[in-house]
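What follows is one structure encoded as C-alpha coordinates, with my remarks underneath.
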Amino acid sequence: MREHGGRRTRGNGRRGQAERDAITVEIGYALCSAAFAAAVVFGAVAGPALLFAPPGTAETVLVRGGGVLAGVLFAVRTVSVLVRFRRASQPSQPGRTSPDS
(Lines give C-alpha, C1' and ligand atoms only; values in the text may rest on other atoms or scores of the structure.)
Protein backbone atom coordinates (compact mmCIF):
# COMPACT_ATOMS: atom_id res chain seq x y z
CA MET A 1 0.00 0.00 0.00
CA ARG A 2 1.18 3.50 -0.63
CA GLU A 3 0.20 6.93 0.60
CA HIS A 4 -1.92 8.90 -1.88
CA GLY A 5 -3.27 12.33 -0.96
CA GLY A 6 -3.42 11.54 2.74
CA ARG A 7 -5.23 8.22 2.15
CA ARG A 8 -3.85 4.74 2.03
CA THR A 9 -4.60 3.01 -1.25
CA ARG A 10 -3.67 -0.19 -2.98
CA GLY A 11 -0.55 -0.48 -5.10
CA ASN A 12 -1.90 1.31 -8.18
CA GLY A 13 -3.43 4.21 -6.20
CA ARG A 14 -7.06 3.30 -6.92
CA ARG A 15 -9.73 1.93 -4.67
CA GLY A 16 -11.26 -1.43 -5.49
CA GLN A 17 -14.96 -1.77 -6.26
CA ALA A 18 -15.64 -3.51 -2.95
CA GLU A 19 -14.00 -0.66 -1.03
CA ARG A 20 -15.99 1.97 -2.97
CA ASP A 21 -19.19 0.02 -2.32
CA ALA A 22 -18.41 -0.20 1.40
CA ILE A 23 -17.83 3.54 1.55
CA THR A 24 -21.10 4.23 -0.28
CA VAL A 25 -23.05 1.97 2.07
CA GLU A 26 -21.43 3.56 5.11
CA ILE A 27 -22.27 7.07 3.92
CA GLY A 28 -25.87 6.01 3.32
CA TYR A 29 -26.04 4.45 6.78
CA ALA A 30 -24.56 7.56 8.38
CA LEU A 31 -27.07 9.85 6.68
CA CYS A 32 -30.11 7.64 7.34
CA SER A 33 -29.29 6.98 10.98
CA ALA A 34 -28.53 10.67 11.53
CA ALA A 35 -31.80 11.71 9.90
CA PHE A 36 -33.75 9.24 12.04
CA ALA A 37 -32.07 10.38 15.27
CA ALA A 38 -32.62 14.04 14.35
CA ALA A 39 -36.31 13.40 13.60
CA VAL A 40 -36.78 11.65 16.94
CA VAL A 41 -35.12 14.51 18.84
CA PHE A 42 -37.09 17.14 16.94
CA GLY A 43 -40.32 15.27 17.63
CA ALA A 44 -39.51 14.90 21.32
CA VAL A 45 -38.64 18.58 21.79
CA ALA A 46 -41.01 20.33 19.37
CA GLY A 47 -43.80 17.75 19.43
CA PRO A 48 -45.55 19.09 22.53
CA ALA A 49 -45.54 22.59 21.04
CA LEU A 50 -47.08 21.32 17.82
CA LEU A 51 -49.71 19.20 19.60
CA PHE A 52 -50.79 21.38 22.52
CA ALA A 53 -50.26 24.97 21.21
CA PRO A 54 -48.69 26.59 24.30
CA PRO A 55 -48.34 30.39 24.55
CA GLY A 56 -46.45 32.03 21.64
CA THR A 57 -43.01 32.32 23.25
CA ALA A 58 -42.96 28.76 24.57
CA GLU A 59 -44.02 27.40 21.19
CA THR A 60 -41.31 29.37 19.40
CA VAL A 61 -38.62 28.29 21.85
CA LEU A 62 -39.59 24.60 21.61
CA VAL A 63 -39.78 24.52 17.82
CA ARG A 64 -36.56 26.47 17.26
CA GLY A 65 -34.75 24.57 20.02
CA GLY A 66 -35.88 21.28 18.52
CA GLY A 67 -34.66 22.37 15.09
CA VAL A 68 -31.26 23.43 16.42
CA LEU A 69 -30.83 20.25 18.46
CA ALA A 70 -31.89 18.11 15.51
CA GLY A 71 -29.41 19.86 13.20
CA VAL A 72 -26.54 19.51 15.66
CA LEU A 73 -27.37 15.86 16.32
CA PHE A 74 -27.54 15.16 12.58
CA ALA A 75 -24.06 16.61 12.04
CA VAL A 76 -22.51 14.91 15.07
CA ARG A 77 -24.02 11.51 14.24
CA THR A 78 -22.92 11.66 10.60
CA VAL A 79 -19.35 12.63 11.47
CA SER A 80 -19.04 10.07 14.27
CA VAL A 81 -20.22 7.19 12.05
CA LEU A 82 -17.86 8.15 9.23
CA VAL A 83 -14.87 8.65 11.54
CA ARG A 84 -15.50 5.28 13.17
CA PHE A 85 -15.70 3.65 9.72
CA ARG A 86 -12.42 5.27 8.65
CA ARG A 87 -10.65 3.93 11.74
CA ALA A 88 -12.11 0.46 11.28
CA SER A 89 -11.14 0.32 7.59
CA GLN A 90 -7.43 0.39 8.39
CA PRO A 91 -6.79 -2.90 10.19
CA SER A 92 -3.41 -3.68 11.65
CA GLN A 93 -3.39 -6.97 9.71
CA PRO A 94 -2.16 -9.30 12.45
CA GLY A 95 -0.14 -12.23 11.26
CA ARG A 96 1.46 -10.45 8.33
CA THR A 97 5.18 -10.08 8.42
CA SER A 98 7.24 -7.35 6.87
CA PRO A 99 9.61 -8.17 4.00
CA ASP A 100 12.60 -7.48 6.30
CA SER A 101 11.82 -10.28 8.74
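Scheme for the C-alpha coordinates: letters A, B, ... for chains in order shown; per-chain residue numbers from 1; ligand numbers from 1 in order shown.
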Quiz item: Hey, what's within 12 Å of Ala39 (chain A) if we count only C-alpha atoms and toss same-chain stuff fewer than 2 positions away? As a list in words, please?
Solution: Cys32, Ser33, Ala34, Ala35, Phe36, Ala37, Val41, Phe42, Gly43, Ala44, Val45, Ala46, Gly47, Gly66, Gly67, Val68, Leu69, Ala70, Gly71, Val72, Leu73 and Phe74 of chain A
Would you output that residue set with N, CA and C atoms, as a PDB file, in the first residue's frame?
```
ATOM      1  N   CYS A  32     -28.784   8.137   6.913  1.00  0.00           N
ATOM      2  CA  CYS A  32     -30.106   7.643   7.335  1.00  0.00           C
ATOM      3  C   CYS A  32     -30.224   7.575   8.854  1.00  0.00           C
ATOM      4  N   SER A  33     -29.217   7.062   9.522  1.00  0.00           N
ATOM      5  CA  SER A  33     -29.292   6.976  10.978  1.00  0.00           C
ATOM      6  C   SER A  33     -29.282   8.363  11.610  1.00  0.00           C
ATOM      7  N   ALA A  34     -28.541   9.304  11.008  1.00  0.00           N
ATOM      8  CA  ALA A  34     -28.527  10.672  11.530  1.00  0.00           C
ATOM      9  C   ALA A  34     -29.877  11.346  11.317  1.00  0.00           C
ATOM     10  N   ALA A  35     -30.489  11.120  10.167  1.00  0.00           N
ATOM     11  CA  ALA A  35     -31.804  11.712   9.898  1.00  0.00           C
ATOM     12  C   ALA A  35     -32.856  11.142  10.856  1.00  0.00           C
ATOM     13  N   PHE A  36     -32.806   9.852  11.105  1.00  0.00           N
ATOM     14  CA  PHE A  36     -33.751   9.236  12.037  1.00  0.00           C
ATOM     15  C   PHE A  36     -33.573   9.795  13.448  1.00  0.00           C
ATOM     16  N   ALA A  37     -32.323   9.860  13.919  1.00  0.00           N
ATOM     17  CA  ALA A  37     -32.067  10.379  15.266  1.00  0.00           C
ATOM     18  C   ALA A  37     -32.497  11.848  15.374  1.00  0.00           C
ATOM     19  N   VAL A  41     -35.403  13.407  17.909  1.00  0.00           N
ATOM     20  CA  VAL A  41     -35.124  14.506  18.839  1.00  0.00           C
ATOM     21  C   VAL A  41     -36.035  15.696  18.550  1.00  0.00           C
ATOM     22  N   PHE A  42     -36.204  16.032  17.283  1.00  0.00           N
ATOM     23  CA  PHE A  42     -37.092  17.140  16.943  1.00  0.00           C
ATOM     24  C   PHE A  42     -38.514  16.842  17.413  1.00  0.00           C
ATOM     25  N   GLY A  43     -38.980  15.637  17.178  1.00  0.00           N
ATOM     26  CA  GLY A  43     -40.319  15.269  17.627  1.00  0.00           C
ATOM     27  C   GLY A  43     -40.475  15.314  19.138  1.00  0.00           C
ATOM     28  N   ALA A  44     -39.454  14.897  19.856  1.00  0.00           N
ATOM     29  CA  ALA A  44     -39.513  14.898  21.316  1.00  0.00           C
ATOM     30  C   ALA A  44     -39.514  16.314  21.880  1.00  0.00           C
ATOM     31  N   VAL A  45     -38.741  17.207  21.268  1.00  0.00           N
ATOM     32  CA  VAL A  45     -38.641  18.578  21.788  1.00  0.00           C
ATOM     33  C   VAL A  45     -39.769  19.455  21.260  1.00  0.00           C
ATOM     34  N   ALA A  46     -40.019  19.432  19.970  1.00  0.00           N
ATOM     35  CA  ALA A  46     -41.008  20.326  19.371  1.00  0.00           C
ATOM     36  C   ALA A  46     -42.401  19.712  19.324  1.00  0.00           C
ATOM     37  N   GLY A  47     -42.510  18.413  19.506  1.00  0.00           N
ATOM     38  CA  GLY A  47     -43.805  17.750  19.433  1.00  0.00           C
ATOM     39  C   GLY A  47     -44.861  18.322  20.357  1.00  0.00           C
ATOM     40  N   GLY A  66     -35.850  22.607  19.118  1.00  0.00           N
ATOM     41  CA  GLY A  66     -35.882  21.276  18.519  1.00  0.00           C
ATOM     42  C   GLY A  66     -35.167  21.247  17.188  1.00  0.00           C
ATOM     43  N   GLY A  67     -35.340  22.289  16.381  1.00  0.00           N
ATOM     44  CA  GLY A  67     -34.657  22.370  15.089  1.00  0.00           C
ATOM     45  C   GLY A  67     -33.151  22.463  15.237  1.00  0.00           C
ATOM     46  N   VAL A  68     -32.710  23.283  16.187  1.00  0.00           N
ATOM     47  CA  VAL A  68     -31.259  23.427  16.418  1.00  0.00           C
ATOM     48  C   VAL A  68     -30.671  22.122  16.937  1.00  0.00           C
ATOM     49  N   LEU A  69     -31.332  21.524  17.930  1.00  0.00           N
ATOM     50  CA  LEU A  69     -30.831  20.248  18.462  1.00  0.00           C
ATOM     51  C   LEU A  69     -30.810  19.167  17.395  1.00  0.00           C
ATOM     52  N   ALA A  70     -31.839  19.113  16.571  1.00  0.00           N
ATOM     53  CA  ALA A  70     -31.891  18.107  15.506  1.00  0.00           C
ATOM     54  C   ALA A  70     -30.754  18.325  14.508  1.00  0.00           C
ATOM     55  N   GLY A  71     -30.503  19.566  14.142  1.00  0.00           N
ATOM     56  CA  GLY A  71     -29.406  19.859  13.205  1.00  0.00           C
ATOM     57  C   GLY A  71     -28.047  19.487  13.766  1.00  0.00           C
ATOM     58  N   VAL A  72     -27.823  19.834  15.020  1.00  0.00           N
ATOM     59  CA  VAL A  72     -26.541  19.508  15.662  1.00  0.00           C
ATOM     60  C   VAL A  72     -26.385  17.996  15.780  1.00  0.00           C
ATOM     61  N   LEU A  73     -27.445  17.314  16.200  1.00  0.00           N
ATOM     62  CA  LEU A  73     -27.374  15.863  16.318  1.00  0.00           C
ATOM     63  C   LEU A  73     -27.118  15.205  14.966  1.00  0.00           C
ATOM     64  N   PHE A  74     -27.757  15.704  13.914  1.00  0.00           N
ATOM     65  CA  PHE A  74     -27.542  15.164  12.577  1.00  0.00           C
ATOM     66  C   PHE A  74     -26.063  15.257  12.194  1.00  0.00           C
TER      67      PHE A  74
END
```
Quiz item: Which residues in region 15-98 of chain A does DSSP call alpha helix (DSSP H)? List them as a ChimeraX atom specification.
Solution: /A:17-52,56-88
Excluding Ile27 (chain A) and its own-chain neighbours fewer than 3 positions away, which residues fall within 12 Å of it when counting only C-alpha atoms? Please give them as an mmCIF file with all heavy atoms, in the first residue's frame.
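Output (part06.cif):
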```cif
data_model
loop_
_atom_site.group_PDB
_atom_site.id
_atom_site.type_symbol
_atom_site.label_atom_id
_atom_site.label_comp_id
_atom_site.auth_asym_id
_atom_site.auth_seq_id
_atom_site.Cartn_x
_atom_site.Cartn_y
_atom_site.Cartn_z
ATOM 1 N N ARG A 20 -15.103 0.857 -2.602
ATOM 2 C CA ARG A 20 -15.994 1.965 -2.965
ATOM 3 C C ARG A 20 -17.429 1.653 -2.550
ATOM 4 O O ARG A 20 -18.147 2.530 -2.065
ATOM 5 C CB ARG A 20 -15.916 2.238 -4.464
ATOM 6 C CG ARG A 20 -14.617 2.893 -4.873
ATOM 7 C CD ARG A 20 -14.686 3.458 -6.280
ATOM 8 N NE ARG A 20 -15.142 2.516 -7.281
ATOM 9 C CZ ARG A 20 -14.367 1.791 -8.069
ATOM 10 N NH1 ARG A 20 -13.047 1.896 -7.960
ATOM 11 N NH2 ARG A 20 -14.877 0.979 -8.957
ATOM 12 N N ASP A 21 -17.851 0.400 -2.736
ATOM 13 C CA ASP A 21 -19.194 0.017 -2.317
ATOM 14 C C ASP A 21 -19.359 0.132 -0.806
ATOM 15 O O ASP A 21 -20.395 0.583 -0.317
ATOM 16 C CB ASP A 21 -19.504 -1.411 -2.758
ATOM 17 C CG ASP A 21 -19.682 -1.540 -4.262
ATOM 18 O OD1 ASP A 21 -19.818 -0.501 -4.939
ATOM 19 O OD2 ASP A 21 -19.671 -2.692 -4.763
ATOM 20 N N ALA A 22 -18.352 -0.290 -0.062
ATOM 21 C CA ALA A 22 -18.410 -0.204 1.399
ATOM 22 C C ALA A 22 -18.505 1.254 1.849
ATOM 23 O O ALA A 22 -19.265 1.572 2.770
ATOM 24 C CB ALA A 22 -17.181 -0.865 2.011
ATOM 25 N N ILE A 23 -17.775 2.123 1.213
ATOM 26 C CA ILE A 23 -17.829 3.541 1.553
ATOM 27 C C ILE A 23 -19.207 4.113 1.246
ATOM 28 O O ILE A 23 -19.786 4.859 2.042
ATOM 29 C CB ILE A 23 -16.725 4.315 0.806
ATOM 30 C CG1 ILE A 23 -15.354 3.925 1.348
ATOM 31 C CG2 ILE A 23 -16.935 5.824 0.928
ATOM 32 C CD1 ILE A 23 -14.197 4.402 0.504
ATOM 33 N N THR A 24 -19.772 3.744 0.101
ATOM 34 C CA THR A 24 -21.102 4.233 -0.277
ATOM 35 C C THR A 24 -22.153 3.763 0.718
ATOM 36 O O THR A 24 -23.013 4.549 1.143
ATOM 37 C CB THR A 24 -21.462 3.740 -1.688
ATOM 38 O OG1 THR A 24 -20.470 4.216 -2.604
ATOM 39 C CG2 THR A 24 -22.833 4.225 -2.111
ATOM 40 N N ALA A 30 -24.787 6.383 7.538
ATOM 41 C CA ALA A 30 -24.555 7.556 8.382
ATOM 42 C C ALA A 30 -25.659 8.588 8.189
ATOM 43 O O ALA A 30 -26.192 9.133 9.167
ATOM 44 C CB ALA A 30 -23.186 8.173 8.070
ATOM 45 N N LEU A 31 -26.031 8.853 6.950
ATOM 46 C CA LEU A 31 -27.068 9.852 6.677
ATOM 47 C C LEU A 31 -28.444 9.396 7.162
ATOM 48 O O LEU A 31 -29.190 10.183 7.755
ATOM 49 C CB LEU A 31 -27.098 10.184 5.190
ATOM 50 C CG LEU A 31 -25.860 10.908 4.654
ATOM 51 C CD1 LEU A 31 -25.949 11.058 3.142
ATOM 52 C CD2 LEU A 31 -25.694 12.254 5.329
ATOM 53 N N CYS A 32 -28.784 8.137 6.913
ATOM 54 C CA CYS A 32 -30.106 7.643 7.335
ATOM 55 C C CYS A 32 -30.224 7.575 8.854
ATOM 56 O O CYS A 32 -31.254 7.982 9.422
ATOM 57 C CB CYS A 32 -30.376 6.270 6.725
ATOM 58 S SG CYS A 32 -30.690 6.346 4.960
ATOM 59 N N SER A 33 -29.217 7.062 9.522
ATOM 60 C CA SER A 33 -29.292 6.976 10.978
ATOM 61 C C SER A 33 -29.282 8.363 11.610
ATOM 62 O O SER A 33 -29.964 8.600 12.608
ATOM 63 C CB SER A 33 -28.159 6.114 11.542
ATOM 64 O OG SER A 33 -26.909 6.743 11.376
ATOM 65 N N ALA A 34 -28.541 9.304 11.008
ATOM 66 C CA ALA A 34 -28.527 10.672 11.530
ATOM 67 C C ALA A 34 -29.877 11.346 11.317
ATOM 68 O O ALA A 34 -30.374 12.061 12.194
ATOM 69 C CB ALA A 34 -27.416 11.477 10.855
ATOM 70 N N ARG A 77 -23.831 12.932 14.540
ATOM 71 C CA ARG A 77 -24.020 11.507 14.245
ATOM 72 C C ARG A 77 -23.354 11.119 12.928
ATOM 73 O O ARG A 77 -22.683 10.093 12.831
ATOM 74 C CB ARG A 77 -25.523 11.185 14.193
ATOM 75 C CG ARG A 77 -25.857 9.787 13.767
ATOM 76 C CD ARG A 77 -25.460 8.761 14.783
ATOM 77 N NE ARG A 77 -25.795 7.430 14.287
ATOM 78 C CZ ARG A 77 -25.313 6.324 14.784
ATOM 79 N NH1 ARG A 77 -24.518 6.358 15.816
ATOM 80 N NH2 ARG A 77 -25.645 5.170 14.276
ATOM 81 N N THR A 78 -23.530 11.951 11.901
ATOM 82 C CA THR A 78 -22.924 11.663 10.602
ATOM 83 C C THR A 78 -21.409 11.599 10.708
ATOM 84 O O THR A 78 -20.779 10.651 10.243
ATOM 85 C CB THR A 78 -23.339 12.728 9.568
ATOM 86 O OG1 THR A 78 -24.766 12.753 9.477
ATOM 87 C CG2 THR A 78 -22.747 12.429 8.208
ATOM 88 N N VAL A 79 -20.819 12.596 11.341
ATOM 89 C CA VAL A 79 -19.354 12.632 11.471
ATOM 90 C C VAL A 79 -18.855 11.459 12.305
ATOM 91 O O VAL A 79 -17.863 10.812 11.941
ATOM 92 C CB VAL A 79 -18.903 13.983 12.064
ATOM 93 C CG1 VAL A 79 -17.445 13.952 12.463
ATOM 94 C CG2 VAL A 79 -19.162 15.105 11.069
ATOM 95 N N SER A 80 -19.535 11.154 13.408
ATOM 96 C CA SER A 80 -19.040 10.068 14.268
ATOM 97 C C SER A 80 -19.088 8.719 13.565
ATOM 98 O O SER A 80 -18.172 7.906 13.715
ATOM 99 C CB SER A 80 -19.828 10.022 15.580
ATOM 100 O OG SER A 80 -21.145 9.600 15.356
ATOM 101 N N VAL A 81 -20.137 8.464 12.782
ATOM 102 C CA VAL A 81 -20.218 7.187 12.054
ATOM 103 C C VAL A 81 -19.111 7.100 11.014
ATOM 104 O O VAL A 81 -18.447 6.074 10.874
ATOM 105 C CB VAL A 81 -21.606 7.012 11.395
ATOM 106 C CG1 VAL A 81 -21.602 5.857 10.410
ATOM 107 C CG2 VAL A 81 -22.665 6.796 12.455
ATOM 108 N N LEU A 82 -18.876 8.178 10.282
ATOM 109 C CA LEU A 82 -17.859 8.145 9.233
ATOM 110 C C LEU A 82 -16.445 8.076 9.803
ATOM 111 O O LEU A 82 -15.582 7.403 9.235
ATOM 112 C CB LEU A 82 -18.024 9.348 8.307
ATOM 113 C CG LEU A 82 -19.323 9.350 7.500
ATOM 114 C CD1 LEU A 82 -19.434 10.609 6.671
ATOM 115 C CD2 LEU A 82 -19.440 8.117 6.638
ATOM 116 N N VAL A 83 -16.200 8.731 10.919
ATOM 117 C CA VAL A 83 -14.871 8.651 11.543
ATOM 118 C C VAL A 83 -14.629 7.239 12.063
ATOM 119 O O VAL A 83 -13.544 6.686 11.888
ATOM 120 C CB VAL A 83 -14.738 9.696 12.668
ATOM 121 C CG1 VAL A 83 -13.532 9.423 13.545
ATOM 122 C CG2 VAL A 83 -14.643 11.093 12.070
ATOM 123 N N ARG A 84 -15.648 6.649 12.679
ATOM 124 C CA ARG A 84 -15.504 5.277 13.174
ATOM 125 C C ARG A 84 -15.247 4.304 12.028
ATOM 126 O O ARG A 84 -14.435 3.384 12.135
ATOM 127 C CB ARG A 84 -16.753 4.876 13.957
ATOM 128 C CG ARG A 84 -16.620 3.549 14.646
ATOM 129 C CD ARG A 84 -17.817 3.215 15.514
ATOM 130 N NE ARG A 84 -19.032 3.241 14.724
ATOM 131 C CZ ARG A 84 -20.160 3.809 15.126
ATOM 132 N NH1 ARG A 84 -20.219 4.406 16.292
ATOM 133 N NH2 ARG A 84 -21.226 3.781 14.353
ATOM 134 N N PHE A 85 -15.920 4.511 10.889
ATOM 135 C CA PHE A 85 -15.702 3.652 9.718
ATOM 136 C C PHE A 85 -14.278 3.809 9.189
ATOM 137 O O PHE A 85 -13.630 2.842 8.836
ATOM 138 C CB PHE A 85 -16.699 4.003 8.611
ATOM 139 C CG PHE A 85 -16.441 3.253 7.331
ATOM 140 C CD1 PHE A 85 -16.729 1.909 7.234
ATOM 141 C CD2 PHE A 85 -15.895 3.894 6.232
ATOM 142 C CE1 PHE A 85 -16.497 1.213 6.062
ATOM 143 C CE2 PHE A 85 -15.658 3.210 5.054
ATOM 144 C CZ PHE A 85 -15.955 1.872 4.970
ATOM 145 N N ARG A 86 -13.782 5.024 9.155
ATOM 146 C CA ARG A 86 -12.423 5.266 8.654
ATOM 147 C C ARG A 86 -11.393 4.557 9.526
ATOM 148 O O ARG A 86 -10.440 3.979 9.020
ATOM 149 C CB ARG A 86 -12.147 6.759 8.610
ATOM 150 C CG ARG A 86 -10.827 7.093 7.990
ATOM 151 C CD ARG A 86 -10.670 8.563 7.807
ATOM 152 N NE ARG A 86 -9.382 8.842 7.189
ATOM 153 C CZ ARG A 86 -8.810 10.002 7.193
ATOM 154 N NH1 ARG A 86 -9.406 11.026 7.748
ATOM 155 N NH2 ARG A 86 -7.641 10.174 6.626
#
```
Exercise. Would you mind reading off the distance between CA of Glu26 (chain A) and CA of Val40 (chain A), one decimal, in Å?
Key: 21.0 Å
